[in-house]
Amino acid sequence: MAAIGRRWLVVVITVVIALAVAAGVSAATTPTYEAKSDIFLSASGDGTASDAYQGSLFTKDRISTYVDIATGIDVAKASIAELGLAMTPEKLQSEISAEAPSNSVMLSITASNSDARTARDISTEVAKQTASAIENLEASSKGAQVARAEVVNNATIPSSPSSPNWGLNLLIALVVGVVIGIVAAVVRDKTDHRIRTVGDLAGAGAPAPVLARIPRAKKGEVFGVAGASAITEAFRELRTMLFAQARTNTGSVVTLTGTSAGADGIGYVRNLAAAIAETGRSVLVLDAGLGSAESSDTPAGVSEEMGAGDSRGLTDVLAGGVSVDDVLAETSVDNVSLLPRGTGSRVTAGALGSSAFVDVLKQLRGQFSYVLVATPALARSTDGVVVAPATDGVLFTVEQGGATREEVAEAVVTFDQSGSGIVGTVLADAHRATSGL
């Protein structure tokens, strides 16, 4: 049931496909009309109760033979001749069925045809020819009639086709779709290793507690803006938990990274910085995405999004000749400053592991209450792994429904080997329903 709850969309899609197939097949099927006539069978006698009983037994014993007569080639030929039908006797036989209900002396003749009127005519004529054949067969050599056959219910023109049966076809499709959908949902759930819940994070080996569940911000949605209460409260919760971790781990310089490209967006960095600044603490956002700067096909980083993409910054400081104070930039948010990535083309991502970078962090630690070192997600760059040992810890973001357990486990091992620790995990995009494909 839990798997179905998470994968209800699989069930819905499967049912819709099944219903669509059933509807398509039904629409493509040529309509068939059925018309039925009834023949009453009786045995001749002197009218006594004993004769009537014996006659009834006689008729029931012979009725299977009468069924064969009704569907036989002779009756088919006679009916074609009488109606002037342009079909072979074999074709007519395929459109005729005869049945006699148990313990009954009634013989029903059913004709099927794509034309309602023709179905009526065939059923009526075959019943007539069958009755005549039975009486001829049961006439004694002395001319006495042993059994009688009388058409008592002549067929009428059917008002609707007997097939395709839309209702039955759709019902079968619904049942089949639900069954297949449930099986597919369970199989999909068992084989899907994407992180969707806090429990999935624990199962992937994430050692640190989940500090917050962050819904994805809409484009342009920022902390504290009217209508962004869910975003605001989520980042306030993250801020509170981060403060608690800082008290126990003396961590005020934090590396921000994640598992996939959706976990390092500017909305996340900017909103966290604004939430911390709301308490009166000074915050610096340091764009350490040097690896992403080297690749022309990667998304814009923090500097570009905060309007400082072409400004001097970290790379210029690391290249020498420029001080940190010279490149610090104010932002539109009170108490939040930015150290852009910079323009120094001679500086590569390897500089993030240098003593010069460590010295930059030491200086910033004395100037700001919190330093948020923003790095690209691990799927795009290893900057976060290089930077982390020089900071107080890693705030690790996992994109709900995007990252896999294997990615999280690999990241945990990577940070452990680099000598840095994960101070907390954030489950991002938590507004998405945990159900899906």
# chains A, B, ... in the order shown; residues from 1 in each chain; ligands from 1
call {"tool": "residues_around", "arguments": {"residues": "Gly258 (chain A)", "least_positions_apart": "4", "cutoff": "9 Å", "atoms": "only C-alpha atoms", "output": "PyMOL selection string"}}
result
chain A and resi 262-264+375-379+384+395-399+411+426
call {"tool": "select_by_dssp", "arguments": {"residues": "region 94-192 of chain A", "states": "strand (DSSP E)", "output": "list in words"}}
result
Ile96, Ser97, Ala98, Glu99, Met106, Leu107, Ser108, Ile109, Thr110, Ala111, Ser112, Asn113, Ala147, Arg148, Ala149, Glu150, Val151, Val152 and Asn153 of chain A
call {"tool": "residues_around", "arguments": {"residues": "Val371 (chain A)", "least_positions_apart": "5", "cutoff": "8 Å", "atoms": "only C-alpha atoms", "output": "number ranges by chain"}}
result
A: 252-254, 283-286, 364-365
call {"tool": "residues_around", "arguments": {"residues": "region 110-117 of chain A", "least_positions_apart": "6", "cutoff": "7 Å", "atoms": "only C-alpha atoms", "output": "NGL selection string"}}
result
:A and (31-37 or 95-98 or 123 or 157-158)
call {"tool": "write_last_selection", "arguments": {"atoms": "N, CA and C atoms", "output": "PDB file, in the first residue's frame"}}
result
ATOM      1  N   PRO A  31     -19.653  -3.085 -35.793  1.00  0.00           N
ATOM      2  CA  PRO A  31     -20.784  -3.477 -34.944  1.00  0.00           C
ATOM      3  C   PRO A  31     -21.471  -4.747 -35.467  1.00  0.00           C
ATOM      4  N   THR A  32     -21.861  -5.596 -34.556  1.00  0.00           N
ATOM      5  CA  THR A  32     -22.578  -6.830 -34.885  1.00  0.00           C
ATOM      6  C   THR A  32     -23.915  -6.834 -34.163  1.00  0.00           C
ATOM      7  N   TYR A  33     -24.983  -7.165 -34.918  1.00  0.00           N
ATOM      8  CA  TYR A  33     -26.332  -7.209 -34.348  1.00  0.00           C
ATOM      9  C   TYR A  33     -26.788  -8.655 -34.228  1.00  0.00           C
ATOM     10  N   GLU A  34     -27.517  -8.941 -33.176  1.00  0.00           N
ATOM     11  CA  GLU A  34     -28.039 -10.283 -32.952  1.00  0.00           C
ATOM     12  C   GLU A  34     -29.566 -10.255 -32.878  1.00  0.00           C
ATOM     13  N   ALA A  35     -30.190 -11.231 -33.537  1.00  0.00           N
ATOM     14  CA  ALA A  35     -31.646 -11.383 -33.493  1.00  0.00           C
ATOM     15  C   ALA A  35     -31.963 -12.832 -33.165  1.00  0.00           C
ATOM     16  N   LYS A  36     -32.976 -13.044 -32.335  1.00  0.00           N
ATOM     17  CA  LYS A  36     -33.283 -14.405 -31.871  1.00  0.00           C
ATOM     18  C   LYS A  36     -34.737 -14.768 -32.113  1.00  0.00           C
ATOM     19  N   SER A  37     -34.939 -16.009 -32.594  1.00  0.00           N
ATOM     20  CA  SER A  37     -36.271 -16.590 -32.767  1.00  0.00           C
ATOM     21  C   SER A  37     -36.351 -17.855 -31.934  1.00  0.00           C
ATOM     22  N   GLU A  95     -22.765 -17.537 -38.962  1.00  0.00           N
ATOM     23  CA  GLU A  95     -23.547 -16.475 -38.351  1.00  0.00           C
ATOM     24  C   GLU A  95     -24.743 -17.000 -37.567  1.00  0.00           C
ATOM     25  N   ILE A  96     -24.890 -18.325 -37.525  1.00  0.00           N
ATOM     26  CA  ILE A  96     -26.045 -18.937 -36.859  1.00  0.00           C
ATOM     27  C   ILE A  96     -25.585 -19.724 -35.642  1.00  0.00           C
ATOM     28  N   SER A  97     -26.336 -19.609 -34.564  1.00  0.00           N
ATOM     29  CA  SER A  97     -26.132 -20.447 -33.385  1.00  0.00           C
ATOM     30  C   SER A  97     -27.480 -20.905 -32.880  1.00  0.00           C
ATOM     31  N   ALA A  98     -27.511 -22.100 -32.320  1.00  0.00           N
ATOM     32  CA  ALA A  98     -28.761 -22.659 -31.783  1.00  0.00           C
ATOM     33  C   ALA A  98     -28.479 -23.238 -30.414  1.00  0.00           C
ATOM     34  N   SER A 123     -32.501 -14.899 -38.803  1.00  0.00           N
ATOM     35  CA  SER A 123     -33.008 -15.644 -37.652  1.00  0.00           C
ATOM     36  C   SER A 123     -34.410 -16.168 -37.912  1.00  0.00           C
ATOM     37  N   ILE A 157     -36.107  -6.596 -35.221  1.00  0.00           N
ATOM     38  CA  ILE A 157     -34.893  -5.864 -35.579  1.00  0.00           C
ATOM     39  C   ILE A 157     -34.231  -5.337 -34.295  1.00  0.00           C
ATOM     40  N   PRO A 158     -32.994  -5.745 -34.020  1.00  0.00           N
ATOM     41  CA  PRO A 158     -32.313  -5.275 -32.784  1.00  0.00           C
ATOM     42  C   PRO A 158     -32.064  -3.771 -32.839  1.00  0.00           C
TER      43      PRO A 158
END
call {"tool": "closest_residue", "arguments": {"among": "A:Gln245, A:Gln367, A:Thr14, A:Ser132", "to": "Ser337 (chain A)", "atoms": "only C-alpha atoms"}}
result
A:Gln367
call {"tool": "residues_around", "arguments": {"residues": "Pro101 (chain A)", "least_positions_apart": "2", "cutoff": "12 Å", "atoms": "only C-alpha atoms", "output": "NGL selection string"}}
result
:A and (38 or 60 or 63-64 or 67 or 98-99 or 103-109)
call {"tool": "closest_residue", "arguments": {"among": "A:Val317, A:Leu372, A:Ile13, A:Val412", "to": "Ala185 (chain A)", "atoms": "only C-alpha atoms"}}
result
A:Ile13
call {"tool": "closest_residue", "arguments": {"among": "A:Val10, A:Ala119, A:Ala390, A:Ala409", "to": "Val178 (chain A)", "atoms": "only C-alpha atoms"}}
result
A:Val10
call {"tool": "residues_around", "arguments": {"residues": "Asp287 (chain A)", "least_positions_apart": "4", "cutoff": "8 Å", "atoms": "only C-alpha atoms", "output": "JSON, numbers by chain"}}
result
{"A": [301, 302, 303, 314, 338, 339, 340, 341, 373, 374, 375]}
call {"tool": "residues_around", "arguments": {"residues": "Ala133 (chain A)", "least_positions_apart": "5", "cutoff": "12 Å", "atoms": "only C-alpha atoms", "output": "PyMOL selection string"}}
result
chain A and resi 65-76+78-79+126-128+138-139+147-150
call {"tool": "write_last_selection", "arguments": {"atoms": "N, CA and C atoms", "output": "mmCIF file, in the first residue's frame"}}
result
data_model
loop_
_atom_site.group_PDB
_atom_site.id
_atom_site.type_symbol
_atom_site.label_atom_id
_atom_site.label_comp_id
_atom_site.auth_asym_id
_atom_site.auth_seq_id
_atom_site.Cartn_x
_atom_site.Cartn_y
_atom_site.Cartn_z
ATOM 1 N N THR A 65 -30.292 -33.205 -31.389
ATOM 2 C CA THR A 65 -30.329 -33.446 -32.832
ATOM 3 C C THR A 65 -30.941 -32.256 -33.544
ATOM 4 N N TYR A 66 -31.941 -31.656 -32.940
ATOM 5 C CA TYR A 66 -32.592 -30.495 -33.544
ATOM 6 C C TYR A 66 -31.627 -29.301 -33.623
ATOM 7 N N VAL A 67 -30.735 -29.189 -32.634
ATOM 8 C CA VAL A 67 -29.729 -28.135 -32.659
ATOM 9 C C VAL A 67 -28.822 -28.306 -33.874
ATOM 10 N N ASP A 68 -28.434 -29.575 -34.129
ATOM 11 C CA ASP A 68 -27.575 -29.849 -35.284
ATOM 12 C C ASP A 68 -28.288 -29.535 -36.588
ATOM 13 N N ILE A 69 -29.591 -29.793 -36.629
ATOM 14 C CA ILE A 69 -30.365 -29.506 -37.837
ATOM 15 C C ILE A 69 -30.388 -28.000 -38.102
ATOM 16 N N ALA A 70 -30.607 -27.220 -37.040
ATOM 17 C CA ALA A 70 -30.714 -25.779 -37.188
ATOM 18 C C ALA A 70 -29.426 -25.164 -37.724
ATOM 19 N N THR A 71 -28.292 -25.724 -37.335
ATOM 20 C CA THR A 71 -27.000 -25.162 -37.771
ATOM 21 C C THR A 71 -26.402 -25.938 -38.939
ATOM 22 N N GLY A 72 -27.187 -26.834 -39.519
ATOM 23 C CA GLY A 72 -26.689 -27.676 -40.595
ATOM 24 C C GLY A 72 -26.650 -26.979 -41.949
ATOM 25 N N ILE A 73 -26.018 -27.654 -42.907
ATOM 26 C CA ILE A 73 -25.829 -27.086 -44.229
ATOM 27 C C ILE A 73 -27.124 -26.998 -45.015
ATOM 28 N N ASP A 74 -28.047 -27.984 -44.809
ATOM 29 C CA ASP A 74 -29.299 -27.989 -45.567
ATOM 30 C C ASP A 74 -30.177 -26.799 -45.215
ATOM 31 N N VAL A 75 -30.297 -26.511 -43.916
ATOM 32 C CA VAL A 75 -31.091 -25.363 -43.490
ATOM 33 C C VAL A 75 -30.447 -24.071 -44.008
ATOM 34 N N ALA A 76 -29.126 -24.012 -44.011
ATOM 35 C CA ALA A 76 -28.429 -22.824 -44.502
ATOM 36 C C ALA A 76 -28.714 -22.600 -45.978
ATOM 37 N N ALA A 78 -31.296 -23.697 -47.759
ATOM 38 C CA ALA A 78 -32.697 -23.336 -47.953
ATOM 39 C C ALA A 78 -32.954 -21.879 -47.571
ATOM 40 N N SER A 79 -32.342 -21.427 -46.493
ATOM 41 C CA SER A 79 -32.536 -20.044 -46.038
ATOM 42 C C SER A 79 -31.934 -19.049 -47.031
ATOM 43 N N VAL A 126 -34.236 -19.013 -40.754
ATOM 44 C CA VAL A 126 -33.608 -20.236 -40.266
ATOM 45 C C VAL A 126 -34.529 -20.958 -39.297
ATOM 46 N N ALA A 127 -35.218 -20.222 -38.435
ATOM 47 C CA ALA A 127 -36.175 -20.845 -37.519
ATOM 48 C C ALA A 127 -37.290 -21.524 -38.304
ATOM 49 N N LYS A 128 -37.782 -20.862 -39.335
ATOM 50 C CA LYS A 128 -38.845 -21.430 -40.180
ATOM 51 C C LYS A 128 -38.360 -22.697 -40.868
ATOM 52 N N GLU A 138 -39.524 -36.058 -38.451
ATOM 53 C CA GLU A 138 -40.272 -36.811 -37.452
ATOM 54 C C GLU A 138 -41.595 -37.350 -37.962
ATOM 55 N N ALA A 139 -41.877 -37.200 -39.248
ATOM 56 C CA ALA A 139 -43.113 -37.783 -39.815
ATOM 57 C C ALA A 139 -42.949 -39.294 -39.963
ATOM 58 N N ALA A 147 -43.510 -35.635 -33.962
ATOM 59 C CA ALA A 147 -43.122 -34.436 -33.213
ATOM 60 C C ALA A 147 -43.509 -33.205 -34.015
ATOM 61 N N ARG A 148 -43.775 -32.140 -33.297
ATOM 62 C CA ARG A 148 -44.142 -30.883 -33.930
ATOM 63 C C ARG A 148 -43.168 -29.783 -33.528
ATOM 64 N N ALA A 149 -42.929 -28.878 -34.465
ATOM 65 C CA ALA A 149 -42.054 -27.722 -34.206
ATOM 66 C C ALA A 149 -42.763 -26.477 -34.724
ATOM 67 N N GLU A 150 -42.911 -25.515 -33.823
ATOM 68 C CA GLU A 150 -43.653 -24.308 -34.182
ATOM 69 C C GLU A 150 -42.870 -23.072 -33.754
#
call {"tool": "atom_distance", "arguments": {"atom1": "CA of Asn271 (chain A)", "atom2": "CA of Phe235 (chain A)"}}
result
6.8 Å
call {"tool": "atom_distance", "arguments": {"atom1": "CA of Asp334 (chain A)", "atom2": "CA of Ala388 (chain A)"}}
result
26.9 Å
call {"tool": "atom_distance", "arguments": {"atom1": "CA of Val413 (chain A)", "atom2": "CA of Leu361 (chain A)"}}
result
24.8 Å
call {"tool": "select_by_dssp", "arguments": {"residues": "region 305-405 of chain A", "states": "helix (DSSP H, G or I)", "output": "PyMOL selection string"}}
result
chain A and resi 305+314-319+324-327+349-353+355-367+383-390+405
call {"tool": "write_last_selection", "arguments": {"atoms": "N, CA and C atoms", "output": "compact mmCIF listing (two decimals), in the first residue's frame"}}
result
# COMPACT_ATOMS: atom_id res chain seq x y z
N GLU A 305 24.16 35.37 -10.71
CA GLU A 305 22.78 35.56 -10.25
C GLU A 305 22.64 36.76 -9.31
N LEU A 314 37.30 36.35 -5.82
CA LEU A 314 38.17 35.35 -5.20
C LEU A 314 39.37 35.00 -6.07
N THR A 315 39.15 34.76 -7.35
CA THR A 315 40.28 34.39 -8.21
C THR A 315 41.32 35.50 -8.29
N ASP A 316 40.85 36.73 -8.25
CA ASP A 316 41.80 37.86 -8.31
C ASP A 316 42.62 37.94 -7.03
N VAL A 317 41.98 37.64 -5.89
CA VAL A 317 42.69 37.64 -4.61
C VAL A 317 43.73 36.53 -4.60
N LEU A 318 43.32 35.33 -5.05
CA LEU A 318 44.24 34.20 -5.05
C LEU A 318 45.38 34.39 -6.04
N ALA A 319 45.16 35.16 -7.10
CA ALA A 319 46.20 35.42 -8.09
C ALA A 319 47.23 36.41 -7.56
N VAL A 324 41.24 41.15 -0.08
CA VAL A 324 39.85 40.72 0.10
C VAL A 324 38.92 41.92 0.22
N ASP A 325 39.35 42.92 0.98
CA ASP A 325 38.49 44.09 1.19
C ASP A 325 38.21 44.84 -0.10
N ASP A 326 39.14 44.74 -1.06
CA ASP A 326 38.95 45.44 -2.32
C ASP A 326 37.83 44.84 -3.17
N VAL A 327 37.51 43.57 -2.97
CA VAL A 327 36.56 42.89 -3.87
C VAL A 327 35.24 42.54 -3.19
N ALA A 349 40.61 25.66 -10.31
CA ALA A 349 39.91 25.12 -9.14
C ALA A 349 40.89 24.57 -8.11
N GLY A 350 42.09 24.16 -8.56
CA GLY A 350 43.07 23.63 -7.62
C GLY A 350 43.49 24.64 -6.58
N ALA A 351 43.34 25.95 -6.86
CA ALA A 351 43.73 26.99 -5.91
C ALA A 351 42.88 26.96 -4.65
N LEU A 352 41.73 26.31 -4.71
CA LEU A 352 40.85 26.25 -3.54
C LEU A 352 41.46 25.39 -2.44
N GLY A 353 42.44 24.59 -2.79
CA GLY A 353 43.11 23.77 -1.78
C GLY A 353 44.43 24.35 -1.33
N SER A 355 47.13 27.25 0.46
CA SER A 355 47.21 27.98 1.73
C SER A 355 46.66 29.39 1.59
N ALA A 356 46.73 29.94 0.36
CA ALA A 356 46.19 31.28 0.12
C ALA A 356 44.69 31.30 0.36
N PHE A 357 44.01 30.26 -0.05
CA PHE A 357 42.56 30.20 0.18
C PHE A 357 42.26 30.06 1.67
N VAL A 358 43.07 29.27 2.37
CA VAL A 358 42.89 29.13 3.81
C VAL A 358 43.07 30.47 4.50
N ASP A 359 44.04 31.25 4.03
CA ASP A 359 44.25 32.58 4.62
C ASP A 359 43.05 33.50 4.37
N VAL A 360 42.44 33.38 3.18
CA VAL A 360 41.25 34.18 2.87
C VAL A 360 40.14 33.85 3.85
N LEU A 361 39.94 32.57 4.11
CA LEU A 361 38.88 32.16 5.04
C LEU A 361 39.16 32.64 6.45
N LYS A 362 40.42 32.64 6.86
CA LYS A 362 40.77 33.13 8.20
C LYS A 362 40.40 34.60 8.34
N GLN A 363 40.69 35.37 7.33
CA GLN A 363 40.36 36.80 7.37
C GLN A 363 38.86 37.01 7.42
N LEU A 364 38.13 36.27 6.60
CA LEU A 364 36.68 36.44 6.54
C LEU A 364 36.01 35.98 7.84
N ARG A 365 36.59 34.96 8.46
CA ARG A 365 36.03 34.47 9.72
C ARG A 365 36.05 35.57 10.78
N GLY A 366 37.07 36.44 10.74
CA GLY A 366 37.15 37.52 11.71
C GLY A 366 36.26 38.71 11.37
N GLN A 367 35.80 38.79 10.13
CA GLN A 367 35.00 39.94 9.71
C GLN A 367 33.50 39.67 9.72
N ASP A 383 34.52 21.07 -6.59
CA ASP A 383 34.94 22.22 -5.79
C ASP A 383 34.57 22.05 -4.33
N GLY A 384 33.36 21.52 -4.06
CA GLY A 384 32.92 21.36 -2.69
C GLY A 384 33.82 20.44 -1.88
N VAL A 385 34.31 19.38 -2.51
CA VAL A 385 35.20 18.44 -1.83
C VAL A 385 36.54 19.09 -1.53
N VAL A 386 37.02 19.93 -2.45
CA VAL A 386 38.31 20.61 -2.27
C VAL A 386 38.21 21.66 -1.17
N VAL A 387 37.10 22.38 -1.15
CA VAL A 387 36.92 23.48 -0.21
C VAL A 387 36.65 22.99 1.21
N ALA A 388 35.88 21.92 1.34
CA ALA A 388 35.35 21.50 2.63
C ALA A 388 36.40 21.38 3.74
N PRO A 389 37.57 20.79 3.52
CA PRO A 389 38.54 20.64 4.62
C PRO A 389 38.96 21.96 5.25
N ALA A 390 38.86 23.06 4.51
CA ALA A 390 39.28 24.37 5.03
C ALA A 390 38.16 25.06 5.79
N ARG A 405 20.26 7.03 -3.80
CA ARG A 405 20.94 6.58 -2.60
C ARG A 405 22.43 6.36 -2.86
